[in-house]
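Structure file work06.txt (compact mmCIF, C-alpha atoms and all ligand atoms) follows.
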# COMPACT_ATOMS: atom_id res chain seq x y z
CA MET A 1 25.35 -58.57 141.02
CA ASP A 2 28.75 -56.86 141.07
CA TYR A 3 27.98 -54.31 138.34
CA LEU A 4 31.08 -52.23 139.04
CA SER A 5 33.57 -54.96 138.23
CA ILE A 6 31.54 -56.11 135.22
CA ILE A 7 31.44 -52.58 133.84
CA GLU A 8 35.16 -52.10 134.50
CA LYS A 9 36.03 -55.33 132.75
CA SER A 10 33.82 -54.51 129.74
CA TYR A 11 35.12 -50.94 129.59
CA ARG A 12 38.79 -51.99 129.63
CA TYR A 13 38.22 -54.59 126.94
CA THR A 14 36.41 -52.14 124.66
CA GLU A 15 38.90 -49.34 125.29
CA ASN A 16 41.69 -51.51 123.92
CA LEU A 17 39.97 -52.22 120.61
CA LYS A 18 41.91 -50.75 117.70
CA ASP A 19 38.91 -49.73 115.64
CA ARG A 20 36.67 -46.91 116.86
CA GLY A 21 34.47 -46.34 113.80
CA LEU A 22 33.92 -43.02 112.04
CA LEU A 23 32.28 -39.76 113.09
CA ALA A 24 28.94 -38.80 111.51
CA THR A 25 30.15 -35.99 109.28
CA TYR A 26 26.86 -35.35 107.46
CA ILE A 27 25.86 -33.13 110.40
CA PRO A 28 28.78 -30.64 110.36
CA GLU A 29 28.70 -30.04 114.13
CA LEU A 30 29.12 -33.77 114.88
CA ALA A 31 32.33 -33.86 112.83
CA ASN A 32 33.97 -31.60 115.46
CA VAL A 33 33.54 -34.05 118.35
CA ASP A 34 36.64 -35.65 119.92
CA PRO A 35 36.55 -39.26 118.58
CA THR A 36 38.47 -40.61 121.61
CA LYS A 37 35.64 -39.86 124.06
CA PHE A 38 34.26 -42.96 125.76
CA GLY A 39 31.94 -43.09 128.74
CA VAL A 40 29.47 -45.49 130.35
CA HIS A 41 26.93 -45.16 133.12
CA LEU A 42 24.53 -47.70 134.61
CA ILE A 43 21.72 -47.02 137.07
CA THR A 44 19.80 -49.82 138.76
CA VAL A 45 16.10 -49.62 139.59
CA ASP A 46 17.19 -49.37 143.24
CA GLY A 47 19.05 -46.16 142.38
CA ASP A 48 22.62 -47.51 142.56
CA LYS A 49 24.88 -45.84 139.97
CA TYR A 50 28.11 -46.85 138.32
CA GLY A 51 29.99 -44.63 135.85
CA LEU A 52 33.32 -44.78 134.05
CA GLY A 53 35.31 -42.63 131.62
CA ASP A 54 33.59 -39.61 130.03
CA HIS A 55 30.23 -40.46 131.57
CA GLN A 56 29.57 -36.89 132.70
CA VAL A 57 30.43 -35.21 129.40
CA LYS A 58 27.40 -34.08 127.38
CA PHE A 59 26.97 -35.20 123.80
CA SER A 60 24.31 -34.94 121.11
CA ILE A 61 21.78 -37.72 121.76
CA GLN A 62 20.27 -37.39 118.24
CA SER A 63 17.87 -40.26 117.44
CA ILE A 64 17.79 -41.49 121.03
CA SER A 65 15.31 -38.66 121.62
CA LYS A 66 12.92 -40.37 119.16
CA VAL A 67 12.01 -42.74 121.99
CA LEU A 68 11.07 -39.78 124.17
CA SER A 69 8.97 -38.05 121.51
CA LEU A 70 7.17 -41.35 120.88
CA THR A 71 6.57 -41.72 124.63
CA LEU A 72 4.87 -38.32 124.84
CA ALA A 73 2.82 -38.87 121.67
CA TYR A 74 1.75 -42.39 122.76
CA ARG A 75 0.73 -41.02 126.15
CA ILE A 76 -1.48 -38.44 124.43
CA LEU A 77 -2.99 -40.58 121.64
CA GLY A 78 -2.95 -44.12 122.98
CA GLU A 79 -3.44 -46.93 120.46
CA LYS A 80 -4.84 -44.57 117.82
CA ILE A 81 -1.26 -43.58 117.13
CA TRP A 82 -0.69 -46.80 115.16
CA LYS A 83 -3.00 -45.59 112.40
CA ARG A 84 -0.24 -43.17 111.41
CA LEU A 85 2.77 -45.49 111.58
CA ASP A 86 3.66 -49.16 111.88
CA VAL A 87 5.59 -51.24 114.42
CA GLU A 88 7.74 -53.30 112.06
CA PRO A 89 11.53 -53.34 111.69
CA SER A 90 12.49 -51.49 108.52
CA GLY A 91 15.62 -53.43 107.59
CA THR A 92 16.83 -50.17 106.05
CA LYS A 93 19.07 -47.27 107.07
CA PHE A 94 17.55 -44.68 109.38
CA ASP A 95 17.14 -42.09 106.62
CA SER A 96 15.93 -44.37 103.83
CA LEU A 97 12.98 -43.27 101.67
CA ILE A 98 12.48 -46.58 99.90
CA LEU A 99 9.69 -48.09 101.99
CA LEU A 100 7.63 -44.91 102.08
CA GLU A 101 6.67 -45.47 98.46
CA THR A 102 5.84 -49.13 99.11
CA PHE A 103 3.71 -48.39 102.20
CA GLN A 104 2.07 -45.18 100.91
CA GLY A 105 3.62 -42.78 103.41
CA ILE A 106 3.15 -44.96 106.51
CA PRO A 107 6.59 -45.21 108.18
CA ARG A 108 7.64 -48.70 109.23
CA ASN A 109 8.21 -47.66 112.85
CA PRO A 110 8.65 -44.55 115.05
CA PHE A 111 12.46 -44.81 115.24
CA VAL A 112 13.42 -44.38 111.59
CA ASN A 113 13.55 -40.70 110.57
CA SER A 114 10.25 -40.92 108.67
CA GLY A 115 8.46 -42.31 111.74
CA ALA A 116 9.96 -39.64 113.99
CA LEU A 117 8.79 -36.94 111.56
CA VAL A 118 5.23 -38.27 111.79
CA ILE A 119 5.51 -38.29 115.60
CA CYS A 120 6.65 -34.64 115.50
CA ASP A 121 3.65 -33.84 113.30
CA ILE A 122 1.33 -35.56 115.81
CA LEU A 123 2.81 -33.58 118.72
CA ILE A 124 2.43 -30.27 116.85
CA SER A 125 -1.24 -31.10 116.11
CA HIS A 126 -2.06 -32.12 119.68
CA LEU A 127 -0.11 -29.62 121.79
CA ASP A 128 -0.43 -25.83 122.03
CA ASN A 129 3.33 -25.44 121.80
CA ALA A 130 5.09 -28.69 120.93
CA HIS A 131 8.61 -27.20 121.27
CA ASP A 132 8.04 -26.06 124.85
CA GLU A 133 5.84 -28.92 126.01
CA PHE A 134 8.17 -31.65 124.71
CA LEU A 135 11.11 -29.93 126.39
CA ASP A 136 9.14 -29.69 129.67
CA PHE A 137 8.34 -33.39 129.40
CA VAL A 138 12.02 -34.34 128.96
CA ARG A 139 13.06 -31.94 131.75
CA ASP A 140 10.66 -33.73 134.05
CA ILE A 141 11.64 -37.32 133.25
CA SER A 142 15.37 -36.51 133.26
CA ASP A 143 15.29 -34.39 136.44
CA LEU A 144 17.11 -31.72 134.40
CA PRO A 145 15.03 -28.54 134.88
CA ASP A 146 17.54 -26.44 132.89
CA LEU A 147 17.73 -28.71 129.82
CA LYS A 148 17.58 -26.77 126.54
CA TYR A 149 17.60 -27.55 122.84
CA SER A 150 21.01 -27.02 121.32
CA ASP A 151 20.60 -24.29 118.69
CA HIS A 152 24.02 -24.82 117.15
CA ILE A 153 23.37 -28.54 116.57
CA ALA A 154 19.83 -27.96 115.26
CA ASP A 155 21.06 -25.19 112.92
CA SER A 156 23.97 -27.34 111.77
CA GLU A 157 21.69 -30.24 110.90
CA LYS A 158 19.17 -27.94 109.23
CA SER A 159 21.89 -26.45 107.02
CA MET A 160 22.46 -29.87 105.45
CA GLY A 161 19.09 -31.52 106.11
CA TYR A 162 18.06 -32.04 102.48
CA ARG A 163 17.20 -35.70 102.94
CA ASN A 164 14.88 -35.09 105.86
CA VAL A 165 13.28 -32.20 103.95
CA ALA A 166 12.65 -34.53 101.01
CA MET A 167 11.29 -37.21 103.34
CA CYS A 168 8.87 -34.92 105.15
CA ASN A 169 7.51 -33.56 101.86
CA PHE A 170 7.22 -37.07 100.47
CA ILE A 171 5.16 -38.22 103.48
CA LYS A 172 3.02 -35.09 103.16
CA SER A 173 2.29 -36.05 99.54
CA PHE A 174 0.63 -39.22 100.88
CA GLY A 175 -1.40 -37.17 103.38
CA ASN A 176 0.38 -38.47 106.49
CA ILE A 177 1.75 -35.06 107.60
CA GLU A 178 -0.94 -32.60 108.74
CA ASN A 179 1.17 -29.51 109.40
CA GLU A 180 3.52 -27.48 107.23
CA PRO A 181 6.67 -29.56 106.53
CA GLU A 182 8.84 -26.59 107.52
CA ASP A 183 7.30 -26.51 111.02
CA VAL A 184 7.56 -30.29 111.41
CA LEU A 185 11.22 -30.23 110.34
CA ASP A 186 12.13 -27.35 112.66
CA PHE A 187 10.66 -29.25 115.58
CA TYR A 188 12.33 -32.51 114.46
CA PHE A 189 15.77 -30.85 114.32
CA ASP A 190 15.21 -29.42 117.80
CA VAL A 191 14.19 -32.84 119.17
CA CYS A 192 17.38 -34.37 117.71
CA SER A 193 19.55 -31.58 119.13
CA LEU A 194 19.21 -32.44 122.83
CA GLU A 195 22.48 -33.04 124.66
CA MET A 196 22.96 -35.25 127.69
CA SER A 197 25.77 -37.10 129.42
CA CYS A 198 25.69 -40.89 129.84
CA GLU A 199 24.73 -40.35 133.47
CA GLN A 200 21.79 -38.14 132.52
CA LEU A 201 20.72 -40.41 129.67
CA ALA A 202 20.75 -43.57 131.78
CA ARG A 203 18.65 -41.75 134.39
CA THR A 204 16.22 -40.39 131.76
CA PHE A 205 15.55 -43.90 130.43
CA GLY A 206 15.25 -45.37 133.94
CA PHE A 207 11.45 -45.55 133.70
CA PHE A 208 11.71 -48.05 130.83
CA ALA A 209 13.52 -50.38 133.23
CA ASN A 210 11.12 -49.58 136.06
CA GLY A 211 7.68 -50.50 134.65
CA GLY A 212 6.98 -46.94 133.44
CA CYS A 213 7.85 -45.09 136.71
CA LYS A 214 10.81 -42.78 137.29
CA ILE A 215 13.54 -44.31 139.43
CA SER A 216 14.22 -41.08 141.36
CA ASP A 217 10.74 -40.38 142.74
CA GLY A 218 8.54 -43.30 141.58
CA LYS A 219 6.32 -40.94 139.53
CA ARG A 220 4.49 -42.73 136.71
CA VAL A 221 5.42 -41.55 133.21
CA ILE A 222 3.41 -44.05 131.11
CA PRO A 223 1.34 -47.16 131.90
CA LYS A 224 3.04 -50.53 132.18
CA SER A 225 1.55 -51.76 128.91
CA GLN A 226 2.95 -48.79 126.95
CA THR A 227 6.34 -49.34 128.61
CA LYS A 228 6.30 -52.94 127.45
CA ARG A 229 5.42 -51.91 123.91
CA ILE A 230 8.05 -49.19 123.62
CA ASN A 231 10.66 -51.63 124.99
CA ALA A 232 9.53 -54.13 122.32
CA LEU A 233 9.99 -51.45 119.65
CA MET A 234 13.45 -50.62 120.96
CA LEU A 235 14.37 -54.28 120.73
CA THR A 236 13.05 -54.78 117.21
CA CYS A 237 13.69 -51.34 115.65
CA GLY A 238 16.17 -49.45 117.86
CA PHE A 239 19.21 -50.01 115.65
CA TYR A 240 17.73 -49.76 112.13
CA ASP A 241 19.12 -52.51 109.90
CA GLU A 242 21.31 -53.68 112.77
CA SER A 243 18.46 -54.33 115.21
CA GLY A 244 18.69 -58.09 114.72
CA GLU A 245 22.42 -57.98 115.38
CA PHE A 246 21.94 -55.98 118.58
CA ALA A 247 19.27 -58.39 119.86
CA PHE A 248 21.53 -61.30 118.88
CA LYS A 249 24.70 -59.98 120.50
CA VAL A 250 23.41 -57.83 123.38
CA GLY A 251 19.88 -59.11 124.02
CA LEU A 252 18.36 -55.92 125.46
CA PRO A 253 15.96 -53.24 124.18
CA GLY A 254 17.97 -50.15 123.24
CA LYS A 255 18.29 -47.11 121.03
CA SER A 256 21.21 -45.52 119.26
CA GLY A 257 21.90 -42.07 117.84
CA VAL A 258 24.42 -40.78 115.29
CA GLY A 259 26.09 -38.75 118.05
CA GLY A 260 27.55 -42.12 119.14
CA GLY A 261 25.28 -42.70 122.12
CA ILE A 262 23.41 -45.89 122.93
CA VAL A 263 20.99 -46.44 125.79
CA ALA A 264 19.76 -49.92 126.72
CA VAL A 265 17.46 -51.21 129.43
CA TYR A 266 17.21 -54.49 131.27
CA PRO A 267 13.59 -54.41 132.50
CA ASN A 268 13.24 -54.58 136.29
CA ASN A 269 17.00 -54.26 136.70
CA TYR A 270 18.87 -51.35 135.10
CA SER A 271 19.26 -48.68 132.46
CA VAL A 272 22.70 -48.19 130.88
CA ALA A 273 24.09 -45.52 128.57
CA VAL A 274 27.33 -45.65 126.61
CA TRP A 275 28.95 -43.02 124.38
CA SER A 276 31.74 -43.31 121.86
CA PRO A 277 31.29 -41.00 118.84
CA GLY A 278 32.75 -43.29 116.15
CA LEU A 279 30.04 -45.14 114.21
CA ASN A 280 29.98 -48.44 112.34
CA PRO A 281 28.69 -48.53 108.73
CA LYS A 282 25.09 -48.93 109.97
CA GLY A 283 25.25 -45.65 111.90
CA ASN A 284 25.50 -47.15 115.40
CA SER A 285 28.33 -46.49 117.87
CA TYR A 286 31.10 -48.96 117.11
CA MET A 287 32.47 -49.20 120.64
CA GLY A 288 29.06 -48.75 122.22
CA MET A 289 27.82 -51.95 120.59
CA LYS A 290 30.96 -53.82 121.67
CA PHE A 291 30.74 -52.55 125.24
CA LEU A 292 27.13 -53.64 125.65
CA GLU A 293 27.88 -57.05 124.18
CA GLU A 294 30.62 -57.46 126.80
CA LEU A 295 28.32 -56.21 129.56
CA THR A 296 25.57 -58.74 128.92
CA THR A 297 28.10 -61.53 128.29
CA HIS A 298 29.91 -60.99 131.60
CA SER A 299 26.77 -60.37 133.65
CA GLU A 300 25.02 -63.30 131.94
CA LEU A 301 21.89 -61.15 132.11
CA SER A 302 19.69 -60.37 129.15
CA ILE A 303 15.99 -60.61 128.41
CA PHE A 304 16.52 -63.98 126.71
N1 LIG A 401 19.13 -36.10 113.34
C1 LIG A 401 19.62 -37.26 112.68
C2 LIG A 401 19.02 -37.37 111.28
O1 LIG A 401 17.90 -37.00 111.09
C3 LIG A 401 19.28 -38.47 113.51
C4 LIG A 401 19.78 -39.75 112.92
C5 LIG A 401 20.21 -40.75 113.95
O2 LIG A 401 20.62 -40.43 115.07
N2 LIG A 401 20.24 -42.01 113.54
O3 LIG A 401 19.67 -37.83 110.37

Could you render the structure from this file as structure tokens?
Ligand code: GLN
Amino acid sequence: MDYLSIIEKSYRYTENLKDRGLLATYIPELANVDPTKFGVHLITVDGDKYGLGDHQVKFSIQSISKVLSLTLAYRILGEKIWKRLDVEPSGTKFDSLILLETFQGIPRNPFVNSGALVICDILISHLDNAHDEFLDFVRDISDLPDLKYSDHIADSEKSMGYRNVAMCNFIKSFGNIENEPEDVLDFYFDVCSLEMSCEQLARTFGFFANGGCKISDGKRVIPKSQTKRINALMLTCGFYDESGEFAFKVGLPGKSGVGGGIVAVYPNNYSVAVWSPGLNPKGNSYMGMKFLEELTTHSELSIF
């Protein structure tokens, strides 16, 4: 497969689109990002890499890190984890509170904000120091020993995080948050604050394309069965109320964040990350979605 020419073709097509979507301004720090940034990076399970544009510029990965916090929590708890949250698409925006009332504080899935808050609560309950141990986990799978939380992004989100505060307290009222909401929220904002480039992000998610083992050194992160299940969740819930559209147009498991990043995996083949900060009305990168649609169209490769 000639990935380089397929990526180039898809990149050029997307670059010429007039619309680029809108920055996520509800987190003040994200409103300061240059909206013209656009980068892509693909790594195959054989370790071949292809990058274009701003693929080495770091950006806020935001909700993409929800996949990594789930991975660590699932590794610790196993199937018991599903007593605390469900595995169903929400069909709602990422920060919606509506279904929490209907389902008595059980989030629909781990990738909406409510689900990620419950995952943070689980990690705090099961680890001595969730902040440090989650960071160590991500440092290990990303091969980025110096990775840090971004204080300015976490503080910026916290300064306006009223909705997440309401959500965490609401879940606590149903008994599905064990720790103090303030501690859960602080950890949640840190988890969302991680910054990576497309190159680093594609590498970090490589194990989802490689049966649960890191591409760089073959080290197992999670069992094959958990890899399959998290990939299934990315396919069905990775793009909130646009998950169906992403499966329909792109046909790969993936996850987006309001920083404008998207990572997608083609199991047994590659992991790809794309970043363009402008979002569509559903909160997913406008150009990122278009690029990935082009990529799977031209390569004629998808899981379907
Ligand atoms: N930190 C963001 C929030 O809680 C994450 C949302 C996202 O990336 N979709 O709103």

As a short mmCIF file (atom, residue, chain, number, x, y, z; two decimals) with C-alpha atoms, keeping the file's coordinate frame, please: the residues near Phe103 of chain A (cut-off 12 Å, only C-alpha atoms, same-chain neighbours under 2 positions excluded).
data_model
loop_
_atom_site.label_atom_id
_atom_site.label_comp_id
_atom_site.auth_asym_id
_atom_site.auth_seq_id
_atom_site.Cartn_x
_atom_site.Cartn_y
_atom_site.Cartn_z
CA ARG A 84 -0.24 -43.17 111.41
CA LEU A 85 2.77 -45.49 111.58
CA ASP A 86 3.66 -49.16 111.88
CA GLU A 88 7.74 -53.30 112.06
CA SER A 90 12.49 -51.49 108.52
CA LEU A 97 12.98 -43.27 101.67
CA ILE A 98 12.48 -46.58 99.90
CA LEU A 99 9.69 -48.09 101.99
CA LEU A 100 7.63 -44.91 102.08
CA GLU A 101 6.67 -45.47 98.46
CA GLY A 105 3.62 -42.78 103.41
CA ILE A 106 3.15 -44.96 106.51
CA PRO A 107 6.59 -45.21 108.18
CA ARG A 108 7.64 -48.70 109.23
CA ASN A 109 8.21 -47.66 112.85
CA SER A 114 10.25 -40.92 108.67
CA PHE A 170 7.22 -37.07 100.47
CA ILE A 171 5.16 -38.22 103.48
CA PHE A 174 0.63 -39.22 100.88
CA ASN A 176 0.38 -38.47 106.49
#

- So what do you get for atom CA of Lys172 of chain A versus atom CA of Phe189 of chain A, distance-wise? 17.5 Å

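Counting all atoms listed in the file, the residue from A:Leu52, A:Leu117, A:Ile7, A:Leu42 that sits nearest to ligand LIG 401 (chain A) is A:Leu117.
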
- Quick one: residues within 9 Å of ligand LIG 401 (chain A), with all atoms listed in the file, as number ranges by chain? A: 26-27, 60-66, 93-95, 111-114, 116, 154, 157, 161, 163-164, 188-193, 239-240, 256-261, 283-284

Neighbouring residues of Glu293 of chain A were defined as those with any atom within 9 Å, considering all atoms listed in the file; residues of the same chain fewer than 5 positions away were excluded. Please report them as an mmCIF file with C-alpha atoms, keeping the file's coordinate frame.
data_model
loop_
_atom_site.group_PDB
_atom_site.id
_atom_site.type_symbol
_atom_site.label_atom_id
_atom_site.label_comp_id
_atom_site.auth_asym_id
_atom_site.auth_seq_id
_atom_site.Cartn_x
_atom_site.Cartn_y
_atom_site.Cartn_z
ATOM 1 C CA SER A 10 33.820 -54.510 129.740
ATOM 2 C CA PHE A 246 21.940 -55.980 118.580
ATOM 3 C CA LYS A 249 24.700 -59.980 120.500
ATOM 4 C CA VAL A 250 23.410 -57.830 123.380
ATOM 5 C CA GLY A 251 19.880 -59.110 124.020
ATOM 6 C CA GLY A 288 29.060 -48.750 122.220
ATOM 7 C CA HIS A 298 29.910 -60.990 131.600
#

- Task: Skip Asp48 of chain A itself and residues of its chain fewer than 2 positions away, then list as an MDAnalysis selection string all residues within 12 Å of it, counting only C-alpha atoms.
- Result: chainID A and resid 1:4 41:46 50:51 199 202:203 206 215:216 269:272

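In this model, the gap between atom CA of Met289 of chain A and atom CA of Leu17 of chain A comes to 12.2 Å.
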
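What separates atom CA of Met287 of chain A from atom CA of Glu15 of chain A is a distance of 7.9 Å.
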
- Item | Top pick for closest residue to Gln56 of chain A, considering A:Leu201, A:Met160, A:Ala209, A:Ile141 and counting all atoms listed in the file | A:Leu201

- Quick one: residues within 10 Å of Ile122 of chain A, all atoms listed in the file counted, chain neighbours fewer than 5 positions away excluded, as number ranges by chain? A: 69-70, 73-74, 76-77, 81, 84, 116-117, 127, 130, 176-179, 184
